[in-house]
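Text of upload-v2.csv (CSV, C-alpha atoms) as supplied:
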chain,number,residue,atom,x,y,z
A,1,GLY,CA,-16.6,-8.2,8.2
A,2,GLU,CA,-19.3,-10.9,8.3
A,3,ASN,CA,-18.7,-14.2,6.7
A,4,VAL,CA,-21.6,-16.6,6.0
A,5,GLU,CA,-20.9,-20.2,5.0
A,6,GLN,CA,-23.7,-22.4,3.5
A,7,HIS,CA,-23.8,-26.2,3.2
A,8,PRO,CA,-24.4,-28.3,1.2
A,9,SER,CA,-23.9,-26.7,-2.2
A,10,THR,CA,-26.2,-29.3,-3.7
A,11,LEU,CA,-28.9,-31.4,-2.1
A,12,SER,CA,-30.8,-34.1,-3.9
A,13,VAL,CA,-33.8,-35.7,-2.2
A,14,GLN,CA,-36.8,-37.9,-3.1
A,15,GLU,CA,-40.3,-36.3,-3.0
A,16,GLY,CA,-41.7,-36.5,0.4
A,17,ASP,CA,-38.4,-36.5,2.2
A,18,SER,CA,-37.1,-33.7,4.4
A,19,ALA,CA,-34.4,-31.3,3.4
A,20,VAL,CA,-32.1,-29.3,5.7
A,21,ILE,CA,-29.7,-26.5,4.7
A,22,LYS,CA,-27.3,-25.1,7.2
A,23,CYS,CA,-25.5,-21.7,7.5
A,24,THR,CA,-22.9,-20.5,9.9
A,25,TYR,CA,-22.0,-16.8,10.5
A,26,SER,CA,-19.0,-15.1,12.1
A,27,ASP,CA,-20.3,-11.8,13.5
A,28,SER,CA,-22.0,-12.3,16.9
A,29,ALA,CA,-23.7,-8.9,16.4
A,30,SER,CA,-25.8,-10.2,13.4
A,31,ASN,CA,-29.4,-10.3,14.4
A,32,TYR,CA,-31.5,-10.9,11.2
A,33,PHE,CA,-31.4,-14.0,9.1
A,34,PRO,CA,-33.5,-14.3,6.0
A,35,TRP,CA,-33.8,-17.2,3.6
A,36,TYR,CA,-34.5,-16.7,-0.1
A,37,LYS,CA,-35.6,-19.1,-2.8
A,38,GLN,CA,-34.5,-18.5,-6.4
A,39,GLU,CA,-36.4,-20.4,-9.1
A,40,LEU,CA,-34.9,-20.8,-12.5
A,41,GLY,CA,-34.9,-17.6,-14.5
A,42,LYS,CA,-36.2,-15.5,-11.5
A,43,GLY,CA,-34.8,-13.3,-8.8
A,44,PRO,CA,-34.5,-14.5,-5.2
A,45,GLN,CA,-37.7,-14.3,-3.2
A,46,LEU,CA,-38.0,-14.2,0.6
A,47,ILE,CA,-39.5,-17.4,2.0
A,48,ILE,CA,-38.9,-17.1,5.7
A,49,ASP,CA,-36.8,-15.0,8.1
A,50,ILE,CA,-35.9,-15.1,11.8
A,51,ARG,CA,-34.5,-12.5,14.2
A,52,SER,CA,-32.1,-13.1,17.0
A,53,ASN,CA,-34.7,-13.0,19.8
A,54,VAL,CA,-36.4,-16.1,18.4
A,55,GLY,CA,-35.1,-19.6,18.3
A,56,GLU,CA,-37.5,-21.1,15.8
A,57,LYS,CA,-40.1,-20.0,13.3
A,58,LYS,CA,-42.4,-22.1,11.2
A,59,ASP,CA,-44.5,-21.5,8.1
A,60,GLN,CA,-46.4,-24.6,6.9
A,61,ARG,CA,-43.7,-27.0,5.6
A,62,ILE,CA,-40.9,-24.6,6.1
A,63,ALA,CA,-39.1,-23.9,9.4
A,64,VAL,CA,-35.9,-22.0,10.4
A,65,THR,CA,-33.9,-22.6,13.6
A,66,LEU,CA,-31.3,-20.3,15.1
A,67,ASN,CA,-28.6,-21.2,17.5
A,68,LYS,CA,-27.0,-17.9,18.6
A,69,THR,CA,-24.4,-19.6,20.8
A,70,ALA,CA,-23.0,-21.7,18.0
A,71,LYS,CA,-23.7,-19.0,15.4
A,72,HIS,CA,-25.6,-21.2,13.0
A,73,PHE,CA,-29.1,-21.3,11.5
A,74,SER,CA,-30.8,-23.8,9.4
A,75,LEU,CA,-33.7,-24.1,6.9
A,76,HIS,CA,-35.9,-27.2,7.2
A,77,ILE,CA,-38.3,-28.2,4.5
A,78,THR,CA,-40.6,-31.2,5.2
A,79,GLU,CA,-42.6,-33.3,2.8
A,80,THR,CA,-40.6,-31.9,-0.1
A,81,GLN,CA,-42.4,-31.5,-3.5
A,82,PRO,CA,-40.9,-31.1,-7.0
A,83,GLU,CA,-41.8,-27.4,-6.9
A,84,ASP,CA,-39.4,-27.0,-4.0
A,85,SER,CA,-36.6,-27.5,-6.5
A,86,ALA,CA,-34.7,-24.2,-6.6
A,87,VAL,CA,-31.5,-22.5,-5.3
A,88,TYR,CA,-31.8,-21.4,-1.7
A,89,PHE,CA,-29.7,-18.6,-0.2
A,90,CYS,CA,-29.2,-17.7,3.5
A,91,ALA,CA,-28.1,-14.3,4.6
A,92,ALA,CA,-27.1,-12.5,7.8
A,93,SER,CA,-27.2,-8.8,8.8
A,94,LYS,CA,-27.1,-6.5,11.8
A,95,GLY,CA,-28.5,-3.2,12.6
A,96,GLY,CA,-26.5,-0.3,11.4
A,97,SER,CA,-25.2,-2.1,8.4
A,98,TYR,CA,-26.9,-1.6,5.0
A,99,ILE,CA,-25.4,-4.7,3.4
A,100,PRO,CA,-26.6,-8.2,4.2
A,101,THR,CA,-24.0,-11.0,3.7
A,102,PHE,CA,-25.3,-13.9,1.6
A,103,GLY,CA,-24.3,-17.5,1.6
A,104,ARG,CA,-23.2,-19.1,-1.7
A,105,GLY,CA,-26.4,-20.9,-2.2
A,106,THR,CA,-27.7,-24.5,-2.2
A,107,SER,CA,-29.2,-26.1,-5.2
A,108,LEU,CA,-32.1,-28.3,-4.0
A,109,ILE,CA,-33.3,-31.0,-6.4
A,110,VAL,CA,-36.5,-32.9,-5.5
A,111,HIS,CA,-37.0,-36.1,-7.5
A,112,PRO,CA,-40.6,-37.2,-8.2
B,1,ASN,CA,-47.8,-3.1,-6.9
B,2,ALA,CA,-45.3,-4.2,-9.5
B,3,GLY,CA,-42.5,-4.5,-7.0
B,4,VAL,CA,-39.0,-4.2,-8.5
B,5,THR,CA,-38.9,-4.0,-12.3
B,6,GLN,CA,-35.8,-4.5,-14.4
B,7,THR,CA,-35.3,-3.8,-18.1
B,8,PRO,CA,-34.2,-5.2,-20.4
B,9,LYS,CA,-34.6,-8.9,-19.6
B,10,PHE,CA,-31.9,-9.9,-22.1
B,11,ARG,CA,-29.2,-8.1,-23.9
B,12,ILE,CA,-26.2,-8.9,-26.0
B,13,LEU,CA,-23.4,-6.3,-26.3
B,14,LYS,CA,-20.2,-6.1,-28.2
B,15,ILE,CA,-16.9,-5.5,-26.4
B,16,GLY,CA,-16.5,-1.8,-25.8
B,17,GLN,CA,-20.1,-0.8,-26.1
B,18,SER,CA,-22.0,0.9,-23.3
B,19,MET,CA,-25.5,0.4,-21.9
B,20,THR,CA,-27.7,1.2,-18.9
B,21,LEU,CA,-29.6,-1.4,-17.0
B,22,GLN,CA,-32.8,0.1,-15.7
B,23,CYS,CA,-34.3,-0.6,-12.2
B,24,THR,CA,-37.4,0.9,-10.8
B,25,GLN,CA,-39.4,0.1,-7.6
B,26,ASP,CA,-42.9,1.3,-6.6
B,27,MET,CA,-42.8,0.4,-2.9
B,28,ASN,CA,-41.2,3.7,-1.7
B,29,HIS,CA,-38.2,1.8,-0.4
B,30,ASN,CA,-35.2,3.8,0.7
B,31,TYR,CA,-32.5,1.3,0.0
B,32,MET,CA,-31.6,-0.2,-3.4
B,33,TYR,CA,-28.9,-2.6,-4.5
B,34,TRP,CA,-27.3,-4.0,-7.6
B,35,TYR,CA,-25.9,-7.5,-7.6
B,36,ARG,CA,-24.3,-9.7,-10.2
B,37,GLN,CA,-24.7,-13.5,-10.2
B,38,ASP,CA,-22.3,-15.6,-12.3
B,39,PRO,CA,-23.3,-19.2,-13.3
B,40,GLY,CA,-23.4,-21.5,-10.3
B,41,MET,CA,-22.3,-18.7,-8.0
B,42,GLY,CA,-23.8,-16.5,-5.3
B,43,LEU,CA,-24.7,-12.8,-5.3
B,44,LYS,CA,-21.9,-10.2,-5.4
B,45,LEU,CA,-22.8,-6.6,-4.5
B,46,ILE,CA,-21.8,-4.0,-7.1
B,47,TYR,CA,-23.3,-0.8,-5.7
B,48,TYR,CA,-26.0,0.3,-3.3
B,49,SER,CA,-27.9,3.4,-2.3
B,50,VAL,CA,-29.5,4.4,1.0
B,51,GLY,CA,-31.6,7.2,-0.6
B,52,ALA,CA,-31.8,9.7,-3.4
B,53,GLY,CA,-28.5,11.3,-4.1
B,54,ILE,CA,-26.5,8.8,-2.1
B,55,THR,CA,-24.6,5.9,-3.5
B,56,ASP,CA,-21.7,3.7,-2.4
B,57,LYS,CA,-19.5,0.9,-3.7
B,58,GLY,CA,-20.0,-2.7,-3.0
B,59,GLU,CA,-17.7,-5.7,-3.4
B,60,VAL,CA,-17.2,-5.5,-7.2
B,61,PRO,CA,-17.8,-1.9,-8.4
B,62,ASN,CA,-15.0,-1.7,-11.1
B,63,GLY,CA,-16.4,-1.1,-14.6
B,64,TYR,CA,-19.8,0.1,-13.4
B,65,ASN,CA,-21.4,3.4,-12.4
B,66,VAL,CA,-24.8,4.2,-10.7
B,67,SER,CA,-26.9,7.2,-10.0
B,68,ARG,CA,-30.0,7.7,-7.7
B,69,SER,CA,-31.8,10.9,-8.6
B,70,THR,CA,-35.2,9.6,-7.4
B,71,THR,CA,-36.4,7.2,-4.7
B,72,GLU,CA,-37.9,4.9,-7.4
B,73,ASP,CA,-35.0,4.6,-9.9
B,74,PHE,CA,-31.5,3.2,-9.6
B,75,PRO,CA,-29.9,2.6,-13.0
B,76,LEU,CA,-26.6,0.7,-13.5
B,77,ARG,CA,-24.3,2.0,-16.2
B,78,LEU,CA,-21.6,-0.1,-18.0
B,79,GLU,CA,-19.3,2.2,-19.9
B,80,LEU,CA,-16.9,-0.1,-21.8
B,81,ALA,CA,-18.3,-3.6,-21.8
B,82,ALA,CA,-15.9,-6.4,-21.2
B,83,PRO,CA,-16.4,-10.2,-21.5
B,84,SER,CA,-15.9,-10.5,-17.7
B,85,GLN,CA,-19.1,-8.5,-17.3
B,86,THR,CA,-21.2,-11.3,-18.8
B,87,SER,CA,-23.5,-12.2,-16.0
B,88,VAL,CA,-27.1,-11.9,-14.6
B,89,TYR,CA,-27.7,-8.6,-12.9
B,90,PHE,CA,-30.3,-8.3,-10.1
B,91,CYS,CA,-31.6,-5.1,-8.6
B,92,ALA,CA,-33.1,-5.2,-5.1
B,93,SER,CA,-34.7,-2.8,-2.7
B,94,SER,CA,-35.6,-2.8,1.0
B,95,PRO,CA,-37.5,-0.4,3.2
B,96,ARG,CA,-35.0,0.3,5.9
B,97,GLY,CA,-31.7,-1.5,5.0
B,98,SER,CA,-30.2,-4.6,6.2
B,99,ASN,CA,-32.6,-5.7,8.9
B,100,GLN,CA,-35.5,-5.9,6.5
B,101,PRO,CA,-36.0,-8.4,3.6
B,102,GLN,CA,-34.8,-7.4,0.2
B,103,HIS,CA,-37.2,-7.5,-2.8
B,104,PHE,CA,-35.5,-8.6,-6.0
B,105,GLY,CA,-36.3,-8.0,-9.6
B,106,ASP,CA,-36.2,-10.9,-12.1
B,107,GLY,CA,-32.8,-9.9,-13.5
B,108,THR,CA,-31.2,-8.8,-16.7
B,109,ARG,CA,-29.2,-11.5,-18.5
B,110,LEU,CA,-26.3,-9.8,-20.2
B,111,SER,CA,-23.8,-11.3,-22.6
B,112,ILE,CA,-20.8,-9.5,-24.0
B,113,LEU,CA,-19.2,-10.9,-27.1
Rewrite the structure of this file - the entire thing - as structure tokens.
Amino acid sequence: GENVEQHPSTLSVQEGDSAVIKCTYSDSASNYFPWYKQELGKGPQLIIDIRSNVGEKKDQRIAVTLNKTAKHFSLHITETQPEDSAVYFCAASKGGSYIPTFGRGTSLIVHP
Amino acid sequence: NAGVTQTPKFRILKIGQSMTLQCTQDMNHNYMYWYRQDPGMGLKLIYYSVGAGITDKGEVPNGYNVSRSTTEDFPLRLELAAPSQTSVYFCASSPRGSNQPQHFGDGTRLSIL
């Protein structure tokens, strides 16, 4: 089955810095890659996603890149703010499978 | 729309007690999921459903049961609570399965003492 590895497990940055979280996946048939943000005491919420026919997608300060050959995808957050502090999860899935595979999560801490 | 609603938000159980965690969604999504999240850990799939009357086991189903009699509701049943089931439980739904984003509830925090 699919295996998704996520690094780092913890990331500490200063406000205004950029943050990058990386995920690798094992199943070359995977074609959908969402990122979720989980704030303290809340459920995960989708922040951005990318499909395998696209190499990069941006939404204001957030971007996701996908390298299908290397089977990895990354979340980029620019100009980080304290409210970006949360746990971020990546996931991978493919058509025909009902179950996405999640990474173990990255705790992002943005220091004011 | 309220999205995915979970009740209760918090619960303390004694070992051996039973309870049902409620989950309802108002987005007419076909697929629904139950996850547990232990402290500092990721999400582990307990059960999922692809439609009313259809359920299947996930990664960690032992000690739990589910039913799906309607599109909207997907309750999770703990029959004989054990300390190992202390966790935060999340319900999620999606419109067409794995290639669509999941919508999560805010969780039920369950402690078993």
Determine which residues of chain B sit within 12 Å of chain A, taking into account all atoms listed in the file, and present them as a PDB file with C-alpha atoms, in the frame of the given file.
ATOM      1  CA  GLY B   3     -42.500  -4.500  -7.000  1.00  0.00           C
ATOM      2  CA  VAL B   4     -39.000  -4.200  -8.500  1.00  0.00           C
ATOM      3  CA  THR B   5     -38.900  -4.000 -12.300  1.00  0.00           C
ATOM      4  CA  GLN B   6     -35.800  -4.500 -14.400  1.00  0.00           C
ATOM      5  CA  LYS B   9     -34.600  -8.900 -19.600  1.00  0.00           C
ATOM      6  CA  PHE B  10     -31.900  -9.900 -22.100  1.00  0.00           C
ATOM      7  CA  ASN B  30     -35.200   3.800   0.700  1.00  0.00           C
ATOM      8  CA  TYR B  31     -32.500   1.300   0.000  1.00  0.00           C
ATOM      9  CA  MET B  32     -31.600  -0.200  -3.400  1.00  0.00           C
ATOM     10  CA  TYR B  33     -28.900  -2.600  -4.500  1.00  0.00           C
ATOM     11  CA  TRP B  34     -27.300  -4.000  -7.600  1.00  0.00           C
ATOM     12  CA  TYR B  35     -25.900  -7.500  -7.600  1.00  0.00           C
ATOM     13  CA  ARG B  36     -24.300  -9.700 -10.200  1.00  0.00           C
ATOM     14  CA  GLN B  37     -24.700 -13.500 -10.200  1.00  0.00           C
ATOM     15  CA  ASP B  38     -22.300 -15.600 -12.300  1.00  0.00           C
ATOM     16  CA  PRO B  39     -23.300 -19.200 -13.300  1.00  0.00           C
ATOM     17  CA  GLY B  40     -23.400 -21.500 -10.300  1.00  0.00           C
ATOM     18  CA  MET B  41     -22.300 -18.700  -8.000  1.00  0.00           C
ATOM     19  CA  GLY B  42     -23.800 -16.500  -5.300  1.00  0.00           C
ATOM     20  CA  LEU B  43     -24.700 -12.800  -5.300  1.00  0.00           C
ATOM     21  CA  LYS B  44     -21.900 -10.200  -5.400  1.00  0.00           C
ATOM     22  CA  LEU B  45     -22.800  -6.600  -4.500  1.00  0.00           C
ATOM     23  CA  ILE B  46     -21.800  -4.000  -7.100  1.00  0.00           C
ATOM     24  CA  TYR B  47     -23.300  -0.800  -5.700  1.00  0.00           C
ATOM     25  CA  TYR B  48     -26.000   0.300  -3.300  1.00  0.00           C
ATOM     26  CA  SER B  49     -27.900   3.400  -2.300  1.00  0.00           C
ATOM     27  CA  VAL B  50     -29.500   4.400   1.000  1.00  0.00           C
ATOM     28  CA  GLY B  51     -31.600   7.200  -0.600  1.00  0.00           C
ATOM     29  CA  THR B  55     -24.600   5.900  -3.500  1.00  0.00           C
ATOM     30  CA  ASP B  56     -21.700   3.700  -2.400  1.00  0.00           C
ATOM     31  CA  LYS B  57     -19.500   0.900  -3.700  1.00  0.00           C
ATOM     32  CA  GLY B  58     -20.000  -2.700  -3.000  1.00  0.00           C
ATOM     33  CA  GLU B  59     -17.700  -5.700  -3.400  1.00  0.00           C
ATOM     34  CA  VAL B  88     -27.100 -11.900 -14.600  1.00  0.00           C
ATOM     35  CA  TYR B  89     -27.700  -8.600 -12.900  1.00  0.00           C
ATOM     36  CA  PHE B  90     -30.300  -8.300 -10.100  1.00  0.00           C
ATOM     37  CA  CYS B  91     -31.600  -5.100  -8.600  1.00  0.00           C
ATOM     38  CA  ALA B  92     -33.100  -5.200  -5.100  1.00  0.00           C
ATOM     39  CA  SER B  93     -34.700  -2.800  -2.700  1.00  0.00           C
ATOM     40  CA  SER B  94     -35.600  -2.800   1.000  1.00  0.00           C
ATOM     41  CA  PRO B  95     -37.500  -0.400   3.200  1.00  0.00           C
ATOM     42  CA  ARG B  96     -35.000   0.300   5.900  1.00  0.00           C
ATOM     43  CA  GLY B  97     -31.700  -1.500   5.000  1.00  0.00           C
ATOM     44  CA  SER B  98     -30.200  -4.600   6.200  1.00  0.00           C
ATOM     45  CA  ASN B  99     -32.600  -5.700   8.900  1.00  0.00           C
ATOM     46  CA  GLN B 100     -35.500  -5.900   6.500  1.00  0.00           C
ATOM     47  CA  PRO B 101     -36.000  -8.400   3.600  1.00  0.00           C
ATOM     48  CA  GLN B 102     -34.800  -7.400   0.200  1.00  0.00           C
ATOM     49  CA  HIS B 103     -37.200  -7.500  -2.800  1.00  0.00           C
ATOM     50  CA  PHE B 104     -35.500  -8.600  -6.000  1.00  0.00           C
ATOM     51  CA  GLY B 105     -36.300  -8.000  -9.600  1.00  0.00           C
ATOM     52  CA  ASP B 106     -36.200 -10.900 -12.100  1.00  0.00           C
ATOM     53  CA  GLY B 107     -32.800  -9.900 -13.500  1.00  0.00           C
ATOM     54  CA  THR B 108     -31.200  -8.800 -16.700  1.00  0.00           C
ATOM     55  CA  ARG B 109     -29.200 -11.500 -18.500  1.00  0.00           C
TER      56      ARG B 109
END
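Proximity to His7 of chain A at 7 Å, evaluated using all atoms listed in the file and with sequence-adjacent residues fewer than 3 positions away removed, yields A:Ile21, A:Lys22, A:Cys23, A:Thr106.
Nearest-residue note for Asn67 of chain A: choosing from A:Ile109, A:Ala86, A:Lys37, A:Thr24, the minimum distance belongs to A:Thr24, counting all atoms listed in the file.
Going from atom CA of Ser12 of chain A to atom CA of Lys71 of chain A covers 25.5 Å.
For the atom pair formed by atom CA of Val13 of chain A and atom CA of Thr80 of chain A, the distance is 8.1 Å, given to one decimal.
If you look at atom CA of Phe73 of chain A and atom CA of Gln14 of chain A, they are 23.4 Å away from each other.
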Selection: 6 Å around Tyr64 of chain B, only C-alpha atoms, excl. self and same-chain fewer than 3 positions, as a ChimeraX atom specification
/B:61,77-78
Around all of segment 84-95 of chain B's listed atoms, make the axis-aligned box with 6 Å on each side and tell me centre and edge lengths in Å to one decimal, as AutoDock Vina command-line options.
--center_x -26.7 --center_y -6.3 --center_z -7.8 --size_x 33.6 --size_y 23.8 --size_z 34.0
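For Ala63 of chain A, the non-local neighbours within 7 Å, defined as residues at least 5 positions apart in the same chain or in other chains and counting all atoms listed in the file, are Lys57, Lys58, Leu75, His76 and Ile77 of chain A.
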Skip Gln17 of chain B itself and residues of its chain fewer than 4 positions away, then list as a PyMOL selection string all residues within 12 Å of it, counting all atoms listed in the file.
chain B and resi 11-13+77-83+85+111-113
Could the residues in this selection be saved with C-alpha atoms as an mmCIF file, in the frame of the given file?
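Dumped everything to part20.cif:
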data_model
loop_
_atom_site.group_PDB
_atom_site.id
_atom_site.type_symbol
_atom_site.label_atom_id
_atom_site.label_comp_id
_atom_site.auth_asym_id
_atom_site.auth_seq_id
_atom_site.Cartn_x
_atom_site.Cartn_y
_atom_site.Cartn_z
ATOM 1 C CA ARG B 11 -29.200 -8.100 -23.900
ATOM 2 C CA ILE B 12 -26.200 -8.900 -26.000
ATOM 3 C CA LEU B 13 -23.400 -6.300 -26.300
ATOM 4 C CA ARG B 77 -24.300 2.000 -16.200
ATOM 5 C CA LEU B 78 -21.600 -0.100 -18.000
ATOM 6 C CA GLU B 79 -19.300 2.200 -19.900
ATOM 7 C CA LEU B 80 -16.900 -0.100 -21.800
ATOM 8 C CA ALA B 81 -18.300 -3.600 -21.800
ATOM 9 C CA ALA B 82 -15.900 -6.400 -21.200
ATOM 10 C CA PRO B 83 -16.400 -10.200 -21.500
ATOM 11 C CA GLN B 85 -19.100 -8.500 -17.300
ATOM 12 C CA SER B 111 -23.800 -11.300 -22.600
ATOM 13 C CA ILE B 112 -20.800 -9.500 -24.000
ATOM 14 C CA LEU B 113 -19.200 -10.900 -27.100
#
Using only C-alpha atoms, determine which residues lie at most 10 Å from Ser69 of chain B, disregarding the query and same-chain residues fewer than 6 positions distant; provide the list as an MDAnalysis selection string.
chainID B and resid 51:54 75
